[in-house]
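These notes are about the structure you will find just below.
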Amino acid sequence: MSEWVTDTPAFAVVGKINMGKSSVLSTLLEIDNDKIVRVSNTAGETTRCQVLPLEFDGREMLRFIDTPGFSRAVEAMRAIQDLHGTGTPDLATVREFVTSQLEQGEFEDEARLLQPVVEGAGVLYVIDPSKPIRDTFVAEMEILRWTGRPRMALLNEKAENEERLQEWRTRLGSYFNLVRTFNAHHAQFDERRRLLKSLFEIDETHRDRIKQTIDLIDEEWRQRREESAEDLMDFLAKALRHRESEKLDEKEELEHRKERAKEELKKRYYASIEKLEEKTYEKMLKLYRHQLLKVELETDDFSGLDLSSEETWEKWGLSKSQLILAGGLAGGAAGVAVDLGSGGFTHGLGTLFGALTGAGGAFLKGDSLPELKIDARGVSFDGESKKVLVVGPPASDNFAWILLDRALYHYGEIVSRSHGRRDEEVIDGESPGWVRGFSRERRSKIQKWILEQLKGGERKFESEIFKELVSLLEEVQEGAAP
Ligand SMILES: Nc1nc2c(ncn2[C@@H]2O[C@H](COP(=O)(O)OP(=O)(O)O)[C@@H](O)[C@H]2O)c(=O)[nH]1
Ligand SMILES: [Mg+2]
């Protein structure tokens, strides 16, 4: 046992400063927090080694060690060579170098970086292939080869120069057991998984443990997807069933008062829907371990659901022709029939006063925004007959599809964002057209469920829709073109 290496298989991430070592670890381990893993283009930010465990249920399956990076590799190589005398230095020589240098401090960075390696860690050597192959790199590779530890080279794929990339591959091939690409700024689940898989190719002694770890991340990923599908279904159901209502005073039954109350309720209605949407994305972000991305509308990291914008109605959800086709199915089911459970009203006694619905399907005819469904009904309240104003979902059949489309888009952005990135990203892109790309079968399956929700009816399609959403999220995650 030593400071860095325990019973748990360990891998040290090494390379020159600024090669993207910390970025690789951030992405691989889903850590987007600079306080835990510092990613920076300022040299020398990481001055000590740092253990980063990959844990499941509190059990450390694998550990990675972030290192300061080589700073004087050529000189260090010579010092090791001198220490050894004639012939090729080996693990013992490098170990001796580390021990003496940790005290002397002339090659402090090199000694710190090599310490976990001589103590038994495997090596992940990170290279930015846009850099020309210079002596310092050759020296680094040479020293690592002398350790004889299992080692893999990772190209961060930034090179645009194909020729240089090939040169790097060839050169690395003679020093490392395996050469792989891993772009810390773009890697997604599949690449992370592949990188873990590569570890057991270089380190056979830990094969079973690494395989177990891969099974665990697969299982974790599956669970996250199912949880997201549940949250998504819950969001849609709540949004579609949502109504805002207000008891009207005698005076407010006057037409102009009613108009004011209506406007007030509409605002409240949209605010509630926005809140529901926001909460859903917050849950997804947390589930996928994102701390840097935010949903708060104030910070503009995410654009909320702006249903008051015409653009929203045009770009998201189904196309006009798809809506016309779906229209027959919908057939006014988006009515306001609602159980007035909230607000202390006695429900069930009301007479329907006639729905004051706005232009149903306005979206289909012109460019004006669809009106909310509005209904004034009489209910018995405290023994007196009162009128209640209820505002329900937008009359347009596109409403539910917009919500679903936007949720799928955001989910896609969340699962594909790599944790190695530290820039602030505004997720406000355009609809990739997920729902427009649905098959008719899928559309009508979901439509049935939507209608149930709008009517506030029973949830009889629940399990079927859950399964559908799980496979949908899987398609989105895999980036299947809509
Ligand atoms: N575009 C791009 N930039 C990267 C990548 N990996 C690292 N960087 C950037 O390079 C700089 C150094 O990265 P860092 O991980 O701190 O390097 P380290 O010193 O080797 O740990 C940071 O500004 C990163 O954002 C990558 O794969 N693609
Ligand atoms: Mg670093």
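Ordering of the structure tokens sets the chain letters (A, B, ...); residue numbers start at 1 within each chain; ligands are numbered from 1 in the order shown.
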Given only C-alpha atoms and all ligand atoms, how would the per-residue table for chain A near ligand 1 read, listing every residue at most 10 Å away with its closest atom pair and distance in Å to one decimal, sorted by chain and number, as a Markdown table?
```
| residue | atom | partner | partner_atom_place_in_ligand_line | distance |
| --- | --- | --- | --- | --- |
| A:Val13 | CA | ligand 1 | 20 (O) | 8.7 |
| A:Val14 | CA | ligand 1 | 20 (O) | 7.7 |
| A:Gly15 | CA | ligand 1 | 20 (O) | 6.6 |
| A:Lys16 | CA | ligand 1 | 20 (O) | 6.2 |
| A:Ile17 | CA | ligand 1 | 19 (O) | 4.1 |
| A:Asn18 | CA | ligand 1 | 19 (O) | 3.3 |
| A:Met19 | CA | ligand 1 | 20 (O) | 3.9 |
| A:Gly20 | CA | ligand 1 | 15 (O) | 3.2 |
| A:Lys21 | CA | ligand 1 | 20 (O) | 3.7 |
| A:Ser22 | CA | ligand 1 | 15 (O) | 3.7 |
| A:Ser23 | CA | ligand 1 | 15 (O) | 3.6 |
| A:Val24 | CA | ligand 1 | 15 (O) | 6.5 |
| A:Leu25 | CA | ligand 1 | 15 (O) | 8.0 |
| A:Ser26 | CA | ligand 1 | 15 (O) | 8.1 |
| A:Thr27 | CA | ligand 1 | 6 (N) | 9.7 |
| A:Asp34 | CA | ligand 1 | 16 (O) | 9.7 |
| A:Val37 | CA | ligand 1 | 16 (O) | 8.5 |
| A:Arg38 | CA | ligand 1 | 16 (O) | 6.3 |
| A:Val39 | CA | ligand 1 | 16 (O) | 3.5 |
| A:Ser40 | CA | ligand 1 | 16 (O) | 4.0 |
| A:Asn41 | CA | ligand 1 | 23 (O) | 3.9 |
| A:Thr42 | CA | ligand 1 | 12 (C) | 7.4 |
| A:Ala43 | CA | ligand 1 | 19 (O) | 6.5 |
| A:Gly44 | CA | ligand 1 | 19 (O) | 7.0 |
| A:Glu45 | CA | ligand 1 | 19 (O) | 7.1 |
| A:Thr46 | CA | ligand 1 | 21 (O) | 7.0 |
| A:Thr47 | CA | ligand 1 | 19 (O) | 9.9 |
| A:Asp66 | CA | ligand 1 | 21 (O) | 7.6 |
| A:Thr67 | CA | ligand 1 | 21 (O) | 7.6 |
| A:Pro68 | CA | ligand 1 | 19 (O) | 7.2 |
| A:Gly69 | CA | ligand 1 | 20 (O) | 6.6 |
| A:Phe70 | CA | ligand 1 | 20 (O) | 9.5 |
| A:Tyr125 | CA | ligand 1 | 20 (O) | 9.9 |
| A:Val126 | CA | ligand 1 | 20 (O) | 7.4 |
| A:Ile127 | CA | ligand 1 | 20 (O) | 8.7 |
| A:Asp128 | CA | ligand 1 | 6 (N) | 8.0 |
| A:Leu155 | CA | ligand 1 | 27 (O) | 8.7 |
| A:Asn156 | CA | ligand 1 | 27 (O) | 4.9 |
| A:Glu157 | CA | ligand 1 | 27 (O) | 6.6 |
| A:Lys158 | CA | ligand 1 | 28 (N) | 5.9 |
| A:Ala159 | CA | ligand 1 | 28 (N) | 9.6 |
| A:Thr181 | CA | ligand 1 | 27 (O) | 9.7 |
| A:Phe182 | CA | ligand 1 | 27 (O) | 7.3 |
| A:Asn183 | CA | ligand 1 | 27 (O) | 4.2 |
| A:Ala184 | CA | ligand 1 | 27 (O) | 4.1 |
| A:His185 | CA | ligand 1 | 27 (O) | 4.5 |
| A:His186 | CA | ligand 1 | 27 (O) | 7.0 |
| A:Ala187 | CA | ligand 1 | 27 (O) | 8.4 |
| A:Ser418 | CA | ligand 1 | 27 (O) | 9.9 |
| A:Gly420 | CA | ligand 1 | 6 (N) | 7.3 |
| A:Arg421 | CA | ligand 1 | 25 (O) | 6.1 |
| A:Arg422 | CA | ligand 1 | 25 (O) | 6.7 |
| A:Asp423 | CA | ligand 1 | 25 (O) | 8.1 |
```
Applying 10 Å and only C-alpha atoms, which residues near region 214-217 of chain A remain after dropping the ones on its own chain fewer than 6 positions away? List them as a compact mmCIF listing (two decimals) with all heavy atoms, in the first residue's frame.
```
# COMPACT_ATOMS: atom_id res chain seq x y z
N LEU A 54 -13.79 6.52 -9.00
CA LEU A 54 -15.04 6.23 -9.71
C LEU A 54 -15.81 5.30 -8.78
O LEU A 54 -15.45 4.14 -8.58
CB LEU A 54 -14.74 5.55 -11.05
CG LEU A 54 -15.93 5.21 -11.94
CD1 LEU A 54 -16.85 6.39 -12.13
CD2 LEU A 54 -15.45 4.72 -13.30
N GLU A 55 -16.87 5.85 -8.20
CA GLU A 55 -17.58 5.13 -7.14
C GLU A 55 -19.00 4.77 -7.53
O GLU A 55 -19.66 5.52 -8.23
CB GLU A 55 -17.65 6.01 -5.88
CG GLU A 55 -16.36 6.13 -5.13
CD GLU A 55 -16.45 7.12 -3.97
OE1 GLU A 55 -17.27 8.06 -4.04
OE2 GLU A 55 -15.68 6.95 -3.01
N PHE A 56 -19.45 3.65 -7.02
CA PHE A 56 -20.85 3.26 -7.16
C PHE A 56 -21.32 2.80 -5.80
O PHE A 56 -20.69 1.93 -5.20
CB PHE A 56 -21.02 2.14 -8.19
CG PHE A 56 -20.76 2.60 -9.59
CD1 PHE A 56 -19.48 2.52 -10.12
CD2 PHE A 56 -21.77 3.14 -10.37
CE1 PHE A 56 -19.21 2.97 -11.40
CE2 PHE A 56 -21.51 3.59 -11.65
CZ PHE A 56 -20.23 3.50 -12.17
N MET A 61 -14.61 1.69 -7.35
CA MET A 61 -14.34 0.62 -8.32
C MET A 61 -12.99 0.81 -9.00
O MET A 61 -12.24 -0.13 -9.22
CB MET A 61 -15.43 0.58 -9.38
CG MET A 61 -16.81 0.22 -8.86
SD MET A 61 -16.83 -1.40 -8.08
CE MET A 61 -16.53 -2.48 -9.49
N PHE A 189 -21.49 9.49 -23.76
CA PHE A 189 -21.50 8.23 -23.04
C PHE A 189 -20.73 7.11 -23.73
O PHE A 189 -19.91 6.43 -23.11
CB PHE A 189 -22.94 7.80 -22.78
CG PHE A 189 -23.05 6.51 -22.05
CD1 PHE A 189 -22.72 6.43 -20.71
CD2 PHE A 189 -23.45 5.36 -22.71
CE1 PHE A 189 -22.80 5.23 -20.02
CE2 PHE A 189 -23.54 4.15 -22.03
CZ PHE A 189 -23.22 4.09 -20.69
N ARG A 192 -16.99 7.49 -23.46
CA ARG A 192 -16.54 7.26 -22.08
C ARG A 192 -16.48 5.77 -21.80
O ARG A 192 -15.56 5.24 -21.20
CB ARG A 192 -17.48 7.93 -21.09
CG ARG A 192 -17.39 9.45 -21.10
CD ARG A 192 -18.46 10.07 -20.23
NE ARG A 192 -18.56 9.43 -18.94
CZ ARG A 192 -19.71 9.12 -18.33
NH1 ARG A 192 -20.86 9.43 -18.88
NH2 ARG A 192 -19.71 8.52 -17.16
N ARG A 193 -17.52 5.09 -22.26
CA ARG A 193 -17.59 3.65 -22.07
C ARG A 193 -16.45 2.95 -22.79
O ARG A 193 -15.82 2.03 -22.26
CB ARG A 193 -18.94 3.18 -22.63
CG ARG A 193 -19.32 1.80 -22.27
CD ARG A 193 -20.68 1.48 -22.90
NE ARG A 193 -21.15 0.20 -22.42
CZ ARG A 193 -20.74 -0.95 -22.87
NH1 ARG A 193 -19.83 -0.99 -23.84
NH2 ARG A 193 -21.21 -2.09 -22.39
N ARG A 194 -16.17 3.41 -24.01
CA ARG A 194 -15.10 2.80 -24.80
C ARG A 194 -13.74 3.01 -24.14
O ARG A 194 -12.89 2.13 -24.15
CB ARG A 194 -15.10 3.41 -26.22
CG ARG A 194 -14.65 2.42 -27.28
CD ARG A 194 -14.82 3.00 -28.68
NE ARG A 194 -16.19 3.39 -28.98
CZ ARG A 194 -16.55 4.57 -29.51
NH1 ARG A 194 -15.63 5.48 -29.80
NH2 ARG A 194 -17.81 4.84 -29.76
N LEU A 196 -13.19 3.29 -20.93
CA LEU A 196 -13.09 2.35 -19.81
C LEU A 196 -12.76 0.95 -20.31
O LEU A 196 -11.97 0.22 -19.70
CB LEU A 196 -14.39 2.33 -19.00
CG LEU A 196 -14.70 3.57 -18.16
CD1 LEU A 196 -16.06 3.45 -17.51
CD2 LEU A 196 -13.62 3.78 -17.09
N LYS A 197 -13.39 0.60 -21.42
CA LYS A 197 -13.14 -0.72 -22.00
C LYS A 197 -11.68 -0.90 -22.41
O LYS A 197 -11.10 -1.97 -22.25
CB LYS A 197 -14.04 -0.91 -23.23
CG LYS A 197 -14.92 -2.15 -23.13
CD LYS A 197 -15.86 -2.21 -24.29
CE LYS A 197 -16.02 -3.63 -24.76
NZ LYS A 197 -17.02 -3.74 -25.82
N ASP A 208 -11.63 -8.17 -14.65
CA ASP A 208 -12.96 -8.39 -14.07
C ASP A 208 -13.51 -7.13 -13.42
O ASP A 208 -14.68 -6.78 -13.58
CB ASP A 208 -12.92 -9.53 -13.04
CG ASP A 208 -12.70 -10.86 -13.72
OD1 ASP A 208 -12.87 -10.91 -14.96
OD2 ASP A 208 -12.35 -11.84 -13.03
N GLN A 223 -30.89 3.56 -15.63
CA GLN A 223 -31.74 4.11 -14.57
C GLN A 223 -32.00 5.60 -14.76
O GLN A 223 -33.11 6.08 -14.55
CB GLN A 223 -31.08 3.92 -13.21
CG GLN A 223 -31.32 2.54 -12.64
CD GLN A 223 -30.59 2.34 -11.32
OE1 GLN A 223 -30.11 3.28 -10.70
NE2 GLN A 223 -30.51 1.10 -10.88
```
Using only C-alpha atoms, determine which residues lie at most 9 Å from Ala76 (chain A), disregarding the query and same-chain residues fewer than 6 positions distant; provide the list as a PyMOL selection string. chain A and resi 97+107+110+139-140+143
Residue selection dump (all heavy atoms) as a PDB file, in the first residue's frame:
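Writing the result to selection_25.pdb gives the following:
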```pdb
ATOM      1  N   PHE A  97      14.776   7.535  -8.889  1.00  0.00           N
ATOM      2  CA  PHE A  97      14.701   8.944  -9.299  1.00  0.00           C
ATOM      3  C   PHE A  97      13.591   9.660  -8.519  1.00  0.00           C
ATOM      4  O   PHE A  97      13.790  10.746  -7.969  1.00  0.00           O
ATOM      5  CB  PHE A  97      14.431   9.010 -10.812  1.00  0.00           C
ATOM      6  CG  PHE A  97      14.089  10.377 -11.341  1.00  0.00           C
ATOM      7  CD1 PHE A  97      15.087  11.308 -11.598  1.00  0.00           C
ATOM      8  CD2 PHE A  97      12.767  10.727 -11.593  1.00  0.00           C
ATOM      9  CE1 PHE A  97      14.766  12.568 -12.098  1.00  0.00           C
ATOM     10  CE2 PHE A  97      12.441  11.987 -12.092  1.00  0.00           C
ATOM     11  CZ  PHE A  97      13.436  12.905 -12.338  1.00  0.00           C
ATOM     12  N   PHE A 107      13.406  18.215  -9.812  1.00  0.00           N
ATOM     13  CA  PHE A 107      12.396  17.786 -10.800  1.00  0.00           C
ATOM     14  C   PHE A 107      11.109  17.435 -10.064  1.00  0.00           C
ATOM     15  O   PHE A 107      10.602  16.329 -10.159  1.00  0.00           O
ATOM     16  CB  PHE A 107      12.900  16.564 -11.582  1.00  0.00           C
ATOM     17  CG  PHE A 107      14.099  16.854 -12.448  1.00  0.00           C
ATOM     18  CD1 PHE A 107      15.357  16.407 -12.091  1.00  0.00           C
ATOM     19  CD2 PHE A 107      13.947  17.575 -13.630  1.00  0.00           C
ATOM     20  CE1 PHE A 107      16.464  16.666 -12.892  1.00  0.00           C
ATOM     21  CE2 PHE A 107      15.049  17.840 -14.441  1.00  0.00           C
ATOM     22  CZ  PHE A 107      16.318  17.387 -14.072  1.00  0.00           C
ATOM     23  N   GLU A 110       8.012  16.240 -12.214  1.00  0.00           N
ATOM     24  CA  GLU A 110       8.233  14.896 -12.764  1.00  0.00           C
ATOM     25  C   GLU A 110       8.127  13.841 -11.664  1.00  0.00           C
ATOM     26  O   GLU A 110       7.519  12.793 -11.853  1.00  0.00           O
ATOM     27  CB  GLU A 110       9.594  14.802 -13.462  1.00  0.00           C
ATOM     28  CG  GLU A 110       9.613  15.322 -14.881  1.00  0.00           C
ATOM     29  CD  GLU A 110       9.529  16.844 -14.991  1.00  0.00           C
ATOM     30  OE1 GLU A 110       9.779  17.520 -13.977  1.00  0.00           O
ATOM     31  OE2 GLU A 110       9.206  17.347 -16.083  1.00  0.00           O
ATOM     32  N   ALA A 139      10.970  12.570 -24.891  1.00  0.00           N
ATOM     33  CA  ALA A 139      11.522  12.288 -23.564  1.00  0.00           C
ATOM     34  C   ALA A 139      10.433  11.757 -22.620  1.00  0.00           C
ATOM     35  O   ALA A 139      10.648  10.782 -21.886  1.00  0.00           O
ATOM     36  CB  ALA A 139      12.150  13.553 -22.990  1.00  0.00           C
ATOM     37  N   GLU A 140       9.255  12.369 -22.667  1.00  0.00           N
ATOM     38  CA  GLU A 140       8.143  11.920 -21.811  1.00  0.00           C
ATOM     39  C   GLU A 140       7.786  10.457 -22.113  1.00  0.00           C
ATOM     40  O   GLU A 140       7.639   9.633 -21.204  1.00  0.00           O
ATOM     41  CB  GLU A 140       6.901  12.787 -22.053  1.00  0.00           C
ATOM     42  CG  GLU A 140       7.018  14.213 -21.556  1.00  0.00           C
ATOM     43  CD  GLU A 140       5.910  15.128 -22.073  1.00  0.00           C
ATOM     44  OE1 GLU A 140       4.906  14.621 -22.632  1.00  0.00           O
ATOM     45  OE2 GLU A 140       6.052  16.352 -21.927  1.00  0.00           O
ATOM     46  N   ILE A 143      10.506   8.031 -20.848  1.00  0.00           N
ATOM     47  CA  ILE A 143      10.454   7.800 -19.396  1.00  0.00           C
ATOM     48  C   ILE A 143       9.295   6.856 -19.046  1.00  0.00           C
ATOM     49  O   ILE A 143       9.447   5.918 -18.263  1.00  0.00           O
ATOM     50  CB  ILE A 143      10.294   9.132 -18.621  1.00  0.00           C
ATOM     51  CG1 ILE A 143      11.516  10.032 -18.837  1.00  0.00           C
ATOM     52  CG2 ILE A 143      10.080   8.878 -17.130  1.00  0.00           C
ATOM     53  CD1 ILE A 143      11.370  11.449 -18.286  1.00  0.00           C
TER      54      ILE A 143
END
```
All residues 9 Å or closer to region 315-326 of chain A, only C-alpha atoms, same chain fewer than 5 positions away omitted, as a list in words: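 Result of the neighbour search: Glu310, Gly331, Phe363, Leu364, Asp397, Asn398, Phe399, Ala400, Trp401, Ile402, Leu403, Leu404, Asp405, Arg406, Glu430, Ser431, Pro432, Gly433, Trp434, Val435, Arg436, Gly437, Arg443, Ser444 and Gln447 of chain A.
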Selection near Pro116 (chain A), 9 Å with only C-alpha atoms, sequence-local residues under 6 positions removed, as number ranges by chain: A: 2-5, 10-12, 49, 65, 122
Selected residues, all heavy atoms, written as a compact mmCIF listing (two decimals), in the first residue's frame, please.
```txt
# COMPACT_ATOMS: atom_id res chain seq x y z
N SER A 2 0.38 2.26 -0.66
CA SER A 2 1.14 3.49 -0.71
C SER A 2 0.16 4.65 -0.71
O SER A 2 -1.05 4.48 -0.59
CB SER A 2 1.97 3.54 -1.97
OG SER A 2 1.11 3.68 -3.08
N GLU A 3 0.70 5.80 -0.88
CA GLU A 3 -0.14 6.99 -0.83
C GLU A 3 -1.20 7.00 -1.94
O GLU A 3 -2.33 7.39 -1.73
CB GLU A 3 0.75 8.23 -0.94
CG GLU A 3 0.00 9.52 -0.68
CD GLU A 3 0.91 10.73 -0.73
OE1 GLU A 3 2.15 10.57 -0.79
OE2 GLU A 3 0.39 11.85 -0.72
N TRP A 4 -0.82 6.57 -3.13
CA TRP A 4 -1.70 6.72 -4.29
C TRP A 4 -2.37 5.43 -4.72
O TRP A 4 -3.46 5.43 -5.25
CB TRP A 4 -0.92 7.30 -5.48
CG TRP A 4 -0.26 8.58 -5.13
CD1 TRP A 4 1.07 8.80 -4.94
CD2 TRP A 4 -0.91 9.82 -4.85
NE1 TRP A 4 1.29 10.08 -4.58
CE2 TRP A 4 0.10 10.75 -4.52
CE3 TRP A 4 -2.25 10.23 -4.85
CZ2 TRP A 4 -0.19 12.07 -4.19
CZ3 TRP A 4 -2.53 11.55 -4.53
CH2 TRP A 4 -1.52 12.46 -4.21
N VAL A 5 -1.67 4.35 -4.50
CA VAL A 5 -2.16 3.10 -5.07
C VAL A 5 -2.57 2.14 -3.96
O VAL A 5 -1.78 1.85 -3.07
CB VAL A 5 -1.10 2.48 -5.99
CG1 VAL A 5 -1.63 1.21 -6.63
CG2 VAL A 5 -0.69 3.48 -7.07
N ALA A 10 -5.64 1.54 -10.25
CA ALA A 10 -5.42 2.98 -10.37
C ALA A 10 -4.77 3.33 -11.70
O ALA A 10 -3.97 2.56 -12.24
CB ALA A 10 -4.52 3.45 -9.23
N PHE A 11 -5.16 4.47 -12.24
CA PHE A 11 -4.58 4.95 -13.50
C PHE A 11 -4.20 6.42 -13.36
O PHE A 11 -5.03 7.24 -12.98
CB PHE A 11 -5.58 4.77 -14.65
CG PHE A 11 -5.92 3.33 -14.90
CD1 PHE A 11 -7.00 2.74 -14.24
CD2 PHE A 11 -5.14 2.56 -15.75
CE1 PHE A 11 -7.29 1.40 -14.43
CE2 PHE A 11 -5.43 1.23 -15.96
CZ PHE A 11 -6.51 0.63 -15.30
N ALA A 12 -2.96 6.71 -13.64
CA ALA A 12 -2.49 8.09 -13.56
C ALA A 12 -2.61 8.74 -14.93
O ALA A 12 -2.26 8.15 -15.95
CB ALA A 12 -1.04 8.12 -13.10
N CYS A 49 -0.65 15.76 -7.22
CA CYS A 49 -1.53 14.71 -7.72
C CYS A 49 -2.82 14.73 -6.93
O CYS A 49 -2.86 15.16 -5.78
CB CYS A 49 -0.87 13.34 -7.56
SG CYS A 49 0.53 13.11 -8.66
N ILE A 65 -5.82 9.28 -11.18
CA ILE A 65 -4.99 10.27 -10.51
C ILE A 65 -4.63 11.38 -11.49
O ILE A 65 -4.02 11.12 -12.52
CB ILE A 65 -3.72 9.60 -9.93
CG1 ILE A 65 -4.15 8.53 -8.92
CG2 ILE A 65 -2.82 10.64 -9.27
CD1 ILE A 65 -3.11 7.47 -8.66
N GLY A 122 -1.49 2.37 -13.59
CA GLY A 122 -1.36 2.33 -15.04
C GLY A 122 -1.27 3.77 -15.55
O GLY A 122 -1.50 4.71 -14.80
```
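Our summary of the geometry notes that CA of Lys286 (chain A) is positioned 25.0 Å from CA of His242 (chain A).
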Among region 159-239 of chain A, which ones does DSSP assign to strand (DSSP E) (computed from the backbone)? Answer as a ChimeraX atom specification. /A:178-181
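By chain and then residue number, the residues within 7 Å of Phe200 (chain A) are His206, Arg207 and Ile210 of chain A, counting only C-alpha atoms and disregarding those fewer than 5 positions away in sequence.
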